[in-house]
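What's in my_file_38.cif: mmCIF, C-alpha atoms and all ligand atoms
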data_coords
#
loop_
_atom_site.label_atom_id
_atom_site.label_comp_id
_atom_site.auth_asym_id
_atom_site.auth_seq_id
_atom_site.Cartn_x
_atom_site.Cartn_y
_atom_site.Cartn_z
CA MET U 15 -4.63 1.53 26.12
CA PRO U 16 -4.92 4.40 23.68
CA GLN U 17 -8.02 4.35 21.47
CA LEU U 18 -7.29 3.93 17.77
CA THR U 19 -8.67 6.77 15.65
CA ILE U 20 -8.52 7.05 11.87
CA THR U 21 -9.66 9.59 9.32
CA ASN U 22 -12.64 8.04 7.56
CA THR U 23 -12.91 9.28 3.96
CA LEU U 24 -16.63 8.48 4.05
CA THR U 25 -17.36 11.07 6.75
CA GLY U 26 -14.28 13.24 6.32
CA GLN U 27 -13.85 13.01 10.11
CA LYS U 28 -11.29 11.50 12.42
CA GLU U 29 -13.25 8.74 14.14
CA LYS U 30 -12.78 6.11 16.83
CA PHE U 31 -12.14 2.78 15.19
CA VAL U 32 -14.79 0.34 16.43
CA PRO U 33 -15.18 -2.81 14.34
CA LEU U 34 -18.57 -4.34 13.54
CA ILE U 35 -17.79 -7.45 15.60
CA ASP U 36 -15.85 -6.91 18.84
CA SER U 37 -12.54 -8.61 18.36
CA GLN U 38 -12.49 -9.09 14.58
CA VAL U 39 -11.45 -6.80 11.76
CA LYS U 40 -12.19 -7.41 8.10
CA MET U 41 -9.89 -5.36 5.95
CA TYR U 42 -9.69 -5.03 2.16
CA VAL U 43 -6.96 -3.21 0.23
CA CYS U 44 -7.07 -2.89 -3.56
CA GLY U 45 -4.13 -4.72 -5.09
CA ILE U 46 -2.10 -4.22 -8.24
CA THR U 47 -2.68 -4.82 -11.92
CA PRO U 48 0.42 -6.91 -12.65
CA TYR U 49 1.60 -5.57 -15.98
CA ASP U 50 4.78 -3.82 -14.82
CA TYR U 51 7.13 -3.53 -11.84
CA ALA U 52 5.80 -1.94 -8.67
CA HIS U 53 6.85 1.67 -8.05
CA ILE U 54 7.26 3.95 -5.06
CA GLY U 55 3.52 4.79 -5.14
CA HIS U 56 2.73 1.10 -4.61
CA GLY U 57 5.37 1.01 -1.89
CA ARG U 58 3.55 3.78 -0.06
CA VAL U 59 0.13 2.11 -0.20
CA TYR U 60 1.22 -1.36 0.81
CA VAL U 61 3.64 -0.28 3.56
CA THR U 62 0.99 2.05 5.04
CA PHE U 63 -1.66 -0.63 5.23
CA ASP U 64 0.80 -3.32 6.27
CA ILE U 65 1.51 -1.13 9.31
CA MET U 66 -2.25 -0.82 9.86
CA TYR U 67 -2.56 -4.61 9.64
CA ARG U 68 0.30 -5.09 12.11
CA LEU U 69 -1.09 -2.46 14.48
CA LEU U 70 -4.59 -4.00 14.51
CA THR U 71 -3.07 -7.41 15.18
CA PHE U 72 -0.92 -5.96 17.98
CA LEU U 73 -4.02 -4.34 19.50
CA GLY U 74 -5.52 -7.82 19.81
CA TYR U 75 -7.86 -7.97 16.83
CA GLN U 76 -8.15 -11.05 14.73
CA VAL U 77 -7.64 -9.50 11.31
CA SER U 78 -8.74 -10.96 7.97
CA TYR U 79 -6.89 -9.05 5.30
CA CYS U 80 -7.72 -9.41 1.61
CA ARG U 81 -5.67 -7.87 -1.22
CA ASN U 82 -6.41 -8.79 -4.83
CA PHE U 83 -4.63 -9.12 -8.15
CA THR U 84 -6.29 -7.69 -11.27
CA ASP U 85 -4.79 -10.40 -13.47
CA ILE U 86 -7.02 -9.75 -16.48
CA ASP U 87 -7.15 -6.23 -17.87
CA ASP U 88 -6.57 -4.30 -21.10
CA LYS U 89 -3.07 -3.39 -19.87
CA LEU U 90 -2.08 -7.06 -19.54
CA LEU U 91 -3.64 -7.97 -22.87
CA ASN U 92 -1.86 -5.11 -24.64
CA LYS U 93 1.47 -6.02 -23.08
CA ALA U 94 1.09 -9.69 -24.10
CA ALA U 95 0.12 -8.66 -27.64
CA LYS U 96 3.16 -6.40 -27.85
CA GLU U 97 5.61 -8.82 -26.30
CA PHE U 98 4.43 -12.20 -27.64
CA GLY U 99 2.17 -11.16 -30.52
CA ASP U 100 -0.62 -12.96 -28.67
CA GLN U 101 -2.86 -11.23 -26.14
CA MET U 102 -3.96 -14.58 -24.71
CA ARG U 103 -0.53 -15.03 -23.20
CA TYR U 104 -1.51 -12.39 -20.62
CA HIS U 105 -1.16 -15.09 -17.92
CA GLU U 106 2.58 -15.06 -18.45
CA ILE U 107 2.69 -11.30 -18.02
CA ALA U 108 0.65 -11.60 -14.82
CA ARG U 109 2.88 -14.36 -13.43
CA ARG U 110 6.08 -12.40 -14.07
CA TYR U 111 4.91 -9.24 -12.33
CA ILE U 112 3.09 -11.00 -9.50
CA ASP U 113 6.32 -12.85 -8.69
CA ALA U 114 8.29 -9.59 -8.83
CA TYR U 115 5.70 -7.88 -6.64
CA HIS U 116 5.88 -10.64 -4.04
CA GLN U 117 9.66 -10.22 -3.95
CA ASP U 118 9.31 -6.47 -3.46
CA MET U 119 6.74 -6.95 -0.70
CA GLN U 120 8.99 -9.46 1.03
CA SER U 121 11.97 -7.11 0.78
CA LEU U 122 9.85 -4.38 2.35
CA GLN U 123 8.75 -6.77 5.13
CA CYS U 124 5.08 -6.45 4.16
CA LEU U 125 3.30 -9.44 5.66
CA PRO U 126 1.32 -11.66 3.29
CA PRO U 127 -2.41 -10.91 3.51
CA THR U 128 -4.82 -13.60 4.69
CA TYR U 129 -6.26 -13.80 1.16
CA GLU U 130 -4.71 -12.82 -2.16
CA PRO U 131 -7.33 -13.68 -4.78
CA TYR U 132 -6.98 -13.44 -8.56
CA VAL U 133 -9.77 -12.14 -10.78
CA THR U 134 -9.36 -15.10 -13.12
CA GLU U 135 -10.21 -17.38 -10.20
CA THR U 136 -13.23 -15.36 -9.10
CA ILE U 137 -15.26 -15.31 -12.32
CA ASN U 138 -18.19 -17.35 -10.95
CA GLU U 139 -18.65 -15.00 -8.00
CA ILE U 140 -18.43 -12.02 -10.35
CA ILE U 141 -21.17 -13.45 -12.57
CA VAL U 142 -23.39 -14.04 -9.51
CA ILE U 143 -23.07 -10.46 -8.25
CA VAL U 144 -23.62 -8.99 -11.74
CA GLN U 145 -26.80 -11.08 -12.13
CA ASN U 146 -27.92 -9.93 -8.69
CA LEU U 147 -27.46 -6.27 -9.77
CA ILE U 148 -29.47 -6.88 -12.94
CA ASP U 149 -32.25 -8.55 -10.93
CA GLN U 150 -32.44 -5.61 -8.53
CA GLY U 151 -32.63 -3.04 -11.33
CA HIS U 152 -29.10 -1.61 -10.81
CA ALA U 153 -27.69 -2.93 -14.08
CA TYR U 154 -28.77 -3.52 -17.68
CA THR U 155 -27.51 -5.56 -20.61
CA VAL U 156 -26.73 -4.27 -24.08
CA ASN U 157 -25.37 -6.54 -26.84
CA GLY U 158 -23.91 -9.02 -24.38
CA SER U 159 -22.30 -6.38 -22.12
CA VAL U 160 -23.63 -5.37 -18.71
CA TYR U 161 -23.52 -1.82 -17.35
CA TYR U 162 -24.19 -0.41 -13.91
CA SER U 163 -26.88 2.24 -13.97
CA VAL U 164 -25.41 4.95 -11.76
CA SER U 165 -28.71 6.83 -11.46
CA SER U 166 -30.27 3.72 -9.85
CA PHE U 167 -28.09 4.12 -6.76
CA GLU U 168 -29.31 6.93 -4.61
CA ASN U 169 -26.12 7.61 -2.67
CA TYR U 170 -23.75 7.59 -5.61
CA GLY U 171 -20.97 10.10 -4.92
CA LYS U 172 -21.07 9.83 -1.12
CA LEU U 173 -17.41 8.79 -0.81
CA SER U 174 -15.90 11.32 -3.20
CA LYS U 175 -18.41 13.98 -2.06
CA GLN U 176 -19.86 14.71 -5.47
CA ASN U 177 -23.48 14.65 -6.56
CA LEU U 178 -24.83 13.24 -9.79
CA ASP U 179 -25.36 16.65 -11.40
CA GLU U 180 -21.75 17.68 -10.81
CA LEU U 181 -20.52 14.33 -12.02
CA SER U 182 -22.65 14.46 -15.15
CA ALA U 183 -21.39 17.96 -15.95
CA GLY U 184 -17.80 16.79 -15.58
CA ALA U 185 -18.21 13.49 -17.41
CA ARG U 186 -16.31 13.05 -20.60
CA VAL U 187 -18.67 12.90 -23.53
CA GLU U 188 -17.78 9.58 -25.02
CA ILE U 189 -19.19 8.24 -28.20
CA ASP U 190 -20.73 5.16 -26.71
CA LEU U 191 -24.05 4.08 -28.06
CA GLU U 192 -24.43 1.29 -25.56
CA LYS U 193 -24.47 3.14 -22.25
CA HIS U 194 -27.63 4.89 -21.08
CA SER U 195 -25.55 7.56 -19.35
CA PRO U 196 -21.86 8.52 -19.63
CA LEU U 197 -21.45 7.84 -15.90
CA ASP U 198 -22.56 4.23 -16.23
CA PHE U 199 -19.72 1.74 -16.12
CA ALA U 200 -19.12 -1.79 -17.41
CA LEU U 201 -19.63 -4.77 -15.12
CA TRP U 202 -19.18 -7.28 -17.92
CA LYS U 203 -17.60 -6.65 -21.33
CA SER U 204 -18.80 -8.70 -24.26
CA GLU U 205 -16.02 -10.46 -26.21
CA GLU U 206 -17.60 -12.37 -29.03
CA ASN U 207 -14.57 -14.45 -29.95
CA GLY U 208 -15.10 -16.92 -27.11
CA THR U 209 -11.60 -16.81 -25.71
CA PHE U 210 -12.56 -15.57 -22.25
CA TRP U 211 -15.49 -16.77 -20.12
CA GLN U 212 -19.02 -17.91 -20.82
CA SER U 213 -21.72 -15.99 -18.91
CA PRO U 214 -25.53 -15.70 -18.98
CA TRP U 215 -24.96 -12.74 -21.36
CA GLY U 216 -22.57 -14.55 -23.71
CA TRP U 217 -18.76 -14.72 -23.92
CA GLY U 218 -16.85 -11.95 -22.23
CA ARG U 219 -14.76 -10.78 -19.30
CA PRO U 220 -15.41 -8.71 -16.19
CA GLY U 221 -15.03 -4.94 -15.87
CA TRP U 222 -12.48 -3.68 -13.39
CA HIS U 223 -14.54 -2.38 -10.43
CA ILE U 224 -16.75 -5.44 -9.98
CA GLU U 225 -13.89 -7.73 -9.00
CA CYS U 226 -13.31 -5.99 -5.66
CA SER U 227 -17.01 -6.18 -4.74
CA ALA U 228 -17.07 -9.88 -5.61
CA MET U 229 -13.82 -10.71 -3.80
CA ALA U 230 -14.59 -8.72 -0.67
CA ASN U 231 -17.92 -10.53 -0.45
CA LYS U 232 -16.39 -13.94 -1.14
CA PHE U 233 -13.59 -13.72 1.41
CA LEU U 234 -14.82 -11.24 4.01
CA GLY U 235 -18.61 -10.99 3.62
CA ALA U 236 -21.10 -8.30 2.56
CA GLN U 237 -20.01 -5.93 5.35
CA ILE U 238 -16.42 -5.14 6.17
CA ASP U 239 -14.73 -2.87 8.68
CA LEU U 240 -12.01 -1.20 6.69
CA HIS U 241 -11.46 -0.62 3.00
CA ALA U 242 -8.27 1.12 1.97
CA GLY U 243 -6.17 2.16 -0.98
CA GLY U 244 -4.40 5.05 -2.63
CA GLN U 245 -6.22 8.39 -2.86
CA ASP U 246 -6.40 8.09 -6.65
CA LEU U 247 -8.80 5.16 -6.24
CA THR U 248 -11.45 7.18 -4.38
CA PHE U 249 -13.18 8.07 -7.63
CA PRO U 250 -14.37 6.26 -9.62
CA HIS U 251 -13.09 2.89 -8.37
CA HIS U 252 -14.15 3.00 -4.73
CA GLU U 253 -17.30 4.96 -5.45
CA ASN U 254 -18.25 2.21 -7.91
CA GLU U 255 -17.39 -0.53 -5.44
CA ILE U 256 -19.84 1.04 -2.98
CA ALA U 257 -22.58 1.29 -5.63
CA GLN U 258 -22.06 -2.37 -6.59
CA SER U 259 -21.72 -3.89 -3.11
CA GLU U 260 -24.46 -1.83 -1.47
CA GLY U 261 -26.71 -2.19 -4.52
CA ALA U 262 -26.31 -5.97 -4.42
CA HIS U 263 -26.43 -6.59 -0.67
CA ASN U 264 -28.58 -3.68 0.57
CA SER U 265 -26.33 -3.02 3.56
CA GLN U 266 -23.40 -0.71 4.23
CA PHE U 267 -20.30 -2.11 2.51
CA ALA U 268 -17.33 -0.71 4.48
CA LYS U 269 -17.64 1.13 7.78
CA TYR U 270 -14.29 2.93 7.39
CA TRP U 271 -12.47 4.04 4.26
CA MET U 272 -8.82 5.07 4.44
CA HIS U 273 -6.79 6.62 1.62
CA ASN U 274 -3.13 7.49 1.58
CA ALA U 275 -2.15 10.73 -0.14
CA PHE U 276 -0.23 10.88 -3.43
CA VAL U 277 3.46 10.48 -4.01
CA GLN U 278 4.69 13.51 -5.92
CA ILE U 279 7.90 14.23 -7.75
CA ASN U 280 8.73 17.88 -8.38
CA LYS U 281 5.20 18.82 -7.24
CA GLU U 282 3.65 16.63 -9.92
CA LYS U 283 1.66 13.52 -9.27
CA MET U 284 3.93 10.60 -9.96
CA SER U 285 2.65 8.51 -12.81
CA LYS U 286 3.79 6.18 -15.49
CA SER U 287 2.35 8.37 -18.19
CA LEU U 288 4.41 11.36 -17.01
CA GLY U 289 7.50 9.17 -16.88
CA ASN U 290 8.47 10.53 -13.46
CA PHE U 291 8.49 7.40 -11.40
CA PHE U 292 10.89 5.12 -9.56
CA THR U 293 10.38 1.37 -9.38
CA LEU U 294 11.02 -0.31 -6.06
CA LYS U 295 13.63 -2.51 -7.75
CA ASP U 296 15.60 0.54 -8.89
CA ILE U 297 15.57 2.03 -5.40
CA PHE U 298 16.71 -1.28 -3.86
CA LYS U 299 19.79 -1.23 -6.08
CA SER U 300 21.07 1.77 -4.13
CA TYR U 301 19.30 1.47 -0.78
CA ASP U 302 18.39 -1.29 1.59
CA PRO U 303 14.60 -1.87 1.45
CA MET U 304 14.43 -1.13 5.19
CA ILE U 305 15.62 2.42 4.48
CA LEU U 306 12.72 2.88 2.08
CA ARG U 307 10.27 1.41 4.58
CA TYR U 308 11.65 3.72 7.26
CA TYR U 309 11.36 6.67 4.87
CA LEU U 310 7.75 5.81 4.01
CA ALA U 311 6.86 5.27 7.66
CA CYS U 312 8.38 8.62 8.67
CA HIS U 313 6.13 10.50 6.22
CA ASN U 314 2.59 10.32 7.56
CA TYR U 315 0.23 8.66 5.12
CA ASN U 316 -2.33 11.44 5.02
CA THR U 317 -0.09 14.13 3.56
CA PRO U 318 1.31 14.15 0.01
CA LEU U 319 4.82 12.77 -0.13
CA GLU U 320 7.30 14.80 -2.16
CA PHE U 321 9.68 11.98 -3.01
CA ASP U 322 13.33 12.89 -3.04
CA ILE U 323 15.75 10.00 -3.47
CA ASN U 324 18.53 12.01 -1.77
CA GLU U 325 16.50 12.03 1.40
CA LEU U 326 16.99 8.26 1.63
CA GLY U 327 20.71 8.83 2.12
CA LYS U 328 20.03 11.18 5.02
CA LEU U 329 17.55 8.82 6.61
CA GLN U 330 19.99 5.96 6.27
CA LYS U 331 22.14 7.71 8.87
CA SER U 332 19.34 7.99 11.40
CA TYR U 333 18.23 4.41 10.75
CA GLN U 334 21.77 3.24 11.27
CA ARG U 335 22.04 5.27 14.48
CA LEU U 336 18.87 3.61 15.75
CA ALA U 337 19.98 0.14 14.65
CA LEU U 338 23.34 0.54 16.42
CA ALA U 339 21.71 1.85 19.60
CA LEU U 340 19.44 -1.21 19.71
CA ASN U 341 21.97 -3.62 18.28
CA GLU U 342 22.75 -5.63 21.41
CA VAL U 343 19.19 -5.58 22.70
CA SER U 344 17.21 -8.83 22.70
CA THR U 345 13.43 -8.81 22.33
CA THR U 346 12.73 -12.47 22.99
CA GLN U 347 11.38 -11.87 26.51
CA VAL U 348 9.24 -8.82 25.66
CA THR U 349 5.48 -9.15 26.15
CA ILE U 350 2.70 -7.14 24.53
CA GLU U 351 1.60 -5.97 28.00
CA GLN U 352 5.10 -4.60 28.66
CA VAL U 353 5.04 -2.65 25.39
CA LYS U 354 1.65 -1.19 26.31
CA SER U 355 2.78 -0.10 29.76
CA ASN U 356 6.39 0.94 29.23
CA PRO U 357 6.47 4.78 29.39
CA VAL U 358 8.35 5.19 26.09
CA THR U 359 6.42 2.67 24.00
CA HIS U 360 3.15 3.78 25.60
CA LYS U 361 3.78 7.25 24.21
CA MET U 362 4.69 5.74 20.83
CA LEU U 363 1.40 3.82 20.86
CA GLN U 364 -0.48 7.04 21.54
CA PHE U 365 1.03 8.56 18.42
CA ILE U 366 0.43 5.62 16.11
CA CYS U 367 -3.13 5.18 17.40
CA ASP U 368 -3.78 8.82 16.52
CA ASP U 369 -4.49 8.24 12.82
CA LEU U 370 -1.10 6.56 12.24
CA ASN U 371 1.03 9.50 13.32
CA ILE U 372 4.24 7.56 12.84
CA SER U 373 6.52 10.56 12.41
CA GLY U 374 5.41 11.52 15.93
CA LEU U 375 6.43 8.19 17.38
CA PHE U 376 9.92 8.45 15.92
CA GLY U 377 10.16 11.82 17.63
CA VAL U 378 9.55 10.04 20.95
CA ILE U 379 12.30 7.51 20.24
CA PHE U 380 14.96 10.06 19.33
CA GLU U 381 14.07 12.25 22.32
CA ASN U 382 14.67 9.30 24.63
CA LEU U 383 17.35 7.36 22.79
CA THR U 384 20.36 8.33 24.88
CA GLN U 385 18.74 7.93 28.31
CA MET U 386 16.62 4.80 27.82
CA ASP U 387 16.96 1.92 30.27
CA LEU U 388 17.29 -1.64 29.00
CA GLU U 389 13.60 -2.49 29.32
CA SER U 390 12.60 0.58 27.31
CA LYS U 391 15.12 -0.31 24.62
CA GLN U 392 13.75 -3.83 24.43
CA CYS U 393 10.18 -2.54 24.14
CA VAL U 394 11.16 0.05 21.48
CA LYS U 395 12.93 -2.56 19.41
CA PHE U 396 9.96 -4.93 19.69
CA PHE U 397 7.61 -2.11 18.64
CA LEU U 398 9.74 -1.19 15.62
CA GLN U 399 10.05 -4.79 14.50
CA GLN U 400 6.50 -5.96 15.13
CA ILE U 401 4.36 -2.90 14.37
CA ILE U 402 6.48 -0.71 12.08
CA GLY U 403 7.92 -3.79 10.37
CA LEU U 404 11.59 -2.71 10.43
CA THR U 405 14.15 -5.47 10.95
CA MET U 406 16.47 -3.04 12.82
CA LEU U 407 19.49 -4.91 11.49
CA SER U 408 22.47 -2.69 11.06
CA ILE U 409 22.71 -1.70 7.41
CA GLU U 410 26.50 -1.71 7.68
CA HIS U 411 26.61 -5.50 7.84
CA GLN U 412 24.68 -5.85 4.64
CA LEU U 413 26.39 -3.06 2.78
CA GLU U 414 28.03 -4.02 -0.43
CA ILE U 415 31.44 -2.42 -0.84
CA THR U 416 31.05 -0.77 -4.21
CA PRO U 417 34.06 0.61 -6.14
CA GLN U 418 32.90 4.10 -5.09
CA ILE U 419 32.96 3.15 -1.40
CA GLN U 420 36.31 1.36 -1.71
CA ASP U 421 37.72 4.44 -3.40
CA LEU U 422 36.54 6.66 -0.53
CA ILE U 423 38.01 4.27 2.05
CA ASP U 424 41.37 4.38 0.23
CA GLN U 425 41.28 8.17 -0.03
CA ARG U 426 40.55 8.41 3.66
CA GLU U 427 43.42 6.10 4.55
CA SER U 428 45.76 8.30 2.51
CA ALA U 429 44.41 11.44 4.19
CA ARG U 430 44.99 9.90 7.63
CA ALA U 431 48.50 8.83 6.64
CA VAL U 432 49.43 12.46 6.00
CA LYS U 433 47.45 13.60 9.08
CA ASN U 434 44.93 15.55 7.02
CA TRP U 435 42.21 15.11 9.68
CA ALA U 436 39.80 17.59 8.12
CA LEU U 437 39.72 15.66 4.86
CA ALA U 438 39.50 12.32 6.69
CA ASP U 439 36.50 13.60 8.66
CA GLN U 440 34.87 14.88 5.53
CA ILE U 441 35.23 11.49 3.85
CA ARG U 442 33.96 9.79 6.99
CA GLU U 443 30.79 11.90 6.66
CA GLU U 444 30.47 10.94 3.03
CA LEU U 445 30.84 7.25 3.83
CA SER U 446 28.33 7.56 6.62
CA SER U 447 25.78 9.02 4.20
CA LEU U 448 26.32 5.92 2.08
CA GLY U 449 25.57 3.77 5.13
CA LEU U 450 29.09 2.92 6.23
CA ILE U 451 30.02 3.85 9.76
CA VAL U 452 33.78 4.16 10.07
CA GLN U 453 35.36 3.38 13.41
CA ASP U 454 39.10 3.90 13.68
CA LYS U 455 41.07 1.55 15.88
CA LYS U 456 43.09 3.36 18.50
ZN ZN K 1 -10.66 -2.26 -5.56
#
Could you render the structure as structure tokens?
Amino acid sequence: MPQLTITNTLTGQKEKFVPLIDSQVKMYVCGITPYDYAHIGHGRVYVTFDIMYRLLTFLGYQVSYCRNFTDIDDKLLNKAAKEFGDQMRYHEIARRYIDAYHQDMQSLQCLPPTYEPYVTETINEIIVIVQNLIDQGHAYTVNGSVYYSVSSFENYGKLSKQNLDELSAGARVEIDLEKHSPLDFALWKSEENGTFWQSPWGWGRPGWHIECSAMANKFLGAQIDLHAGGQDLTFPHHENEIAQSEGAHNSQFAKYWMHNAFVQINKEKMSKSLGNFFTLKDIFKSYDPMILRYYLACHNYNTPLEFDINELGKLQKSYQRLALALNEVSTTQVTIEQVKSNPVTHKMLQFICDDLNISGLFGVIFENLTQMDLESKQCVKFFLQQIIGLTMLSIEHQLEITPQIQDLIDQRESARAVKNWALADQIREELSSLGLIVQDKK
């Protein structure tokens, strides 16, 4: 069996993955703030770590996977105020976008995590950890709010490789009379109007970072094996999670940290504020979700992804080729041992175990596709379905015949009628790029 190695952001090195307890893996991935539809950046994070989850399970680990919902946040409150004229209807905003997110995740074949906690259901645990940090001298209260004292945590900056002096120099000078230092961050925000939660410090609601420390501890324990998320979360979110969890529990929080690189559009970081983003829903209007999953899987997680929607059309062809080649193959008799020992899937495993080099494993498939025996085909299909999470159903069968496609079919029929083979072939290519494979009856 190949040894799984991953690049650990904490050390900056590619390391052998060895969990704290032999056969178990505790894995935490930061979830969404449900105030809008999920976009391609979310797709990248959750597909990447769904594949990690599937791979660890395939390798025989018993995996506990926790992914949260930040269902109370300024963004939700603002949206509820704007939409309903009442910020306290933020629950309705959360419900709408959590439901939509679950649909997107299901379309993308992302497996449900073991735990999917909500902040609003974790308030007691949050209060306990905040009190613990106050008791240990890592946090202080001011006017009913609680702040983490960054200078109290010796290793602050170890994940994002920055020291306190550099961070202080770069910190935005905010006019905030409450905080002792601009780097300090809120664990609990005072809200005097009594509409949120009662705490030892008065009415209020939690800060953002503390929820992940509280939830990881509640569902997985003080020490976990793997913590993951998008690269943009490294600082300050994950750095703050470390300061909170290690400050409270006095032990290493996560042994491995993994971050997927950005999604870029025209060399710019994709973001809502720049307006250059695609929601998953929009993409699914034109492409089967499996094509997007295949696209995301083919671009290794650790390099920035320059998203180009036209590339989905090209990849649809290769996905379709693969689906047709494996179409008649049944996987019901395939065993995990067979997949590990079959020469083709063994090579594929070597690639994926090398820091999720998934583009490499597709290389192996296409090199062997035309000369594979039946057993290899069965093992490859099993691998793609179980570990990469692709259904491998032919897209053709699910393709909706749009007016554009119907028009092309008609044009091609006319071209064939007048024996204009060049034009017919050209249209066939066009149809194929839209996911329709044309086979002419002799
Ligand atoms: Zn988090």
Could you name the residues that touch Asn231 of chain U at 9 Å or less, counting only C-alpha atoms, but leaving out those on the same chain fewer than 6 positions away, as JSON, numbers by chain? {"U": [139, 237, 238, 259]}
Distance table requested - chain U against ligand ZN 1 (chain K), cut-off 12 Å, only C-alpha atoms and all ligand atoms: one row per qualifying residue with the closest atom pair and its distance in Å to one decimal, ordered by chain and rising residue number, as CSV.
residue,atom,partner,partner_atom,distance
U:Met41,CA,K:ZN1,ZN,11.9
U:Tyr42,CA,K:ZN1,ZN,8.3
U:Val43,CA,K:ZN1,ZN,6.9
U:Cys44,CA,K:ZN1,ZN,4.2
U:Gly45,CA,K:ZN1,ZN,7.0
U:Ile46,CA,K:ZN1,ZN,9.2
U:Thr47,CA,K:ZN1,ZN,10.5
U:Cys80,CA,K:ZN1,ZN,10.5
U:Arg81,CA,K:ZN1,ZN,8.7
U:Asn82,CA,K:ZN1,ZN,7.8
U:Phe83,CA,K:ZN1,ZN,9.5
U:Thr84,CA,K:ZN1,ZN,9.0
U:Pro131,CA,K:ZN1,ZN,11.9
U:Val133,CA,K:ZN1,ZN,11.2
U:Gly221,CA,K:ZN1,ZN,11.5
U:Trp222,CA,K:ZN1,ZN,8.2
U:His223,CA,K:ZN1,ZN,6.2
U:Ile224,CA,K:ZN1,ZN,8.2
U:Glu225,CA,K:ZN1,ZN,7.2
U:Cys226,CA,K:ZN1,ZN,4.6
U:Ser227,CA,K:ZN1,ZN,7.5
U:Ala228,CA,K:ZN1,ZN,10.0
U:Met229,CA,K:ZN1,ZN,9.2
U:Ala230,CA,K:ZN1,ZN,9.0
U:His241,CA,K:ZN1,ZN,8.8
U:Ala242,CA,K:ZN1,ZN,8.6
U:Gly243,CA,K:ZN1,ZN,7.8
U:Gly244,CA,K:ZN1,ZN,10.1
U:Gln245,CA,K:ZN1,ZN,11.9
U:Asp246,CA,K:ZN1,ZN,11.2
U:Leu247,CA,K:ZN1,ZN,7.7
U:Thr248,CA,K:ZN1,ZN,9.5
U:Phe249,CA,K:ZN1,ZN,10.8
U:Pro250,CA,K:ZN1,ZN,10.1
U:His251,CA,K:ZN1,ZN,6.4
U:His252,CA,K:ZN1,ZN,6.4
U:Glu253,CA,K:ZN1,ZN,9.8
U:Asn254,CA,K:ZN1,ZN,9.1
U:Glu255,CA,K:ZN1,ZN,6.9
U:Ile256,CA,K:ZN1,ZN,10.1
U:Gln258,CA,K:ZN1,ZN,11.4
U:Ser259,CA,K:ZN1,ZN,11.4
U:Trp271,CA,K:ZN1,ZN,11.8
Excluding Asp36 of chain U and its own-chain neighbours fewer than 3 positions away, which residues fall within 10 Å of it when counting all atoms listed in the file? Please give them as a ChimeraX atom specification. /U:32-33,39,75-76
Quick one: everything within 10 Å of Asp118 of chain U, counting only C-alpha atoms, minus sequence neighbours fewer than 2 positions away in the same chain. Send it as a VMD selection string. chain U and resid 51 to 53 57 112 to 116 120 to 124 293 to 295 298 303
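Between atom CA of Met304 of chain U and atom CA of Gly403 of chain U there is a distance of 8.7 Å.
Closest approach to Arg103 of chain U among U:Leu90, U:Ile140, U:Ile419, U:Ala153 is made by U:Leu90 (distances from all atoms listed in the file).
The two atoms in question, atom CA of Ser213 of chain U and atom CA of Ser165 of chain U, are spaced 25.0 Å apart.
What separates atom CA of Phe292 of chain U from atom CA of Ser446 of chain U is a distance of 23.9 Å.
Among the candidates U:Phe199, U:Phe321, U:Tyr309, U:Tyr333, the residue lying nearest to Ile279 of chain U is U:Phe321 (atoms considered: all atoms listed in the file).
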Counting only C-alpha atoms, what is within 10 Å of Gly151 of chain U, bar same-chain residues fewer than 6 positions away, as number ranges by chain? U: 145, 162-163, 166-167, 261-262
For Phe380 of chain U, which of U:Leu181, U:Ile401, U:Val358, U:Leu147 is the closest residue, counting only C-alpha atoms? U:Val358
Using only C-alpha atoms for the distances, tell me which of U:Asp190, U:Glu320, U:Glu444, U:Asp198 is nearest to Arg58 of chain U. U:Glu320
Taking 6 positions as the minimum chain separation for residues in the same chain, which residues sit within 9 Å of Ser285 of chain U when counting only C-alpha atoms? Answer as a PyMOL selection string. chain U and resi 55+278+291
Let me make sure I understand: among U:Leu340, U:Val394, U:Ala183, U:Ala108, which one has the smallest atom-to-atom distance to Thr134 of chain U if we use all atoms listed in the file? U:Ala108
With all atoms listed in the file as the atoms that count, which of U:Ala257, U:Cys393, U:Ile423, U:Ile366 lies nearest to Ala438 of chain U? U:Ile423
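Every residue within 10 Å of the file position (32.4, 8.4, 1.6), judged by all atoms listed in the file, is given as U:Gln418, U:Ile419, U:Gln420, U:Asp421, U:Leu422, U:Ile423, U:Asp424, U:Gln425, U:Arg426, U:Ala438, U:Asp439, U:Gln440, U:Ile441, U:Arg442, U:Glu443, U:Glu444, U:Leu445, U:Ser446, U:Ser447, U:Leu448, U:Gly449, U:Leu450, U:Ile451, U:Val452.
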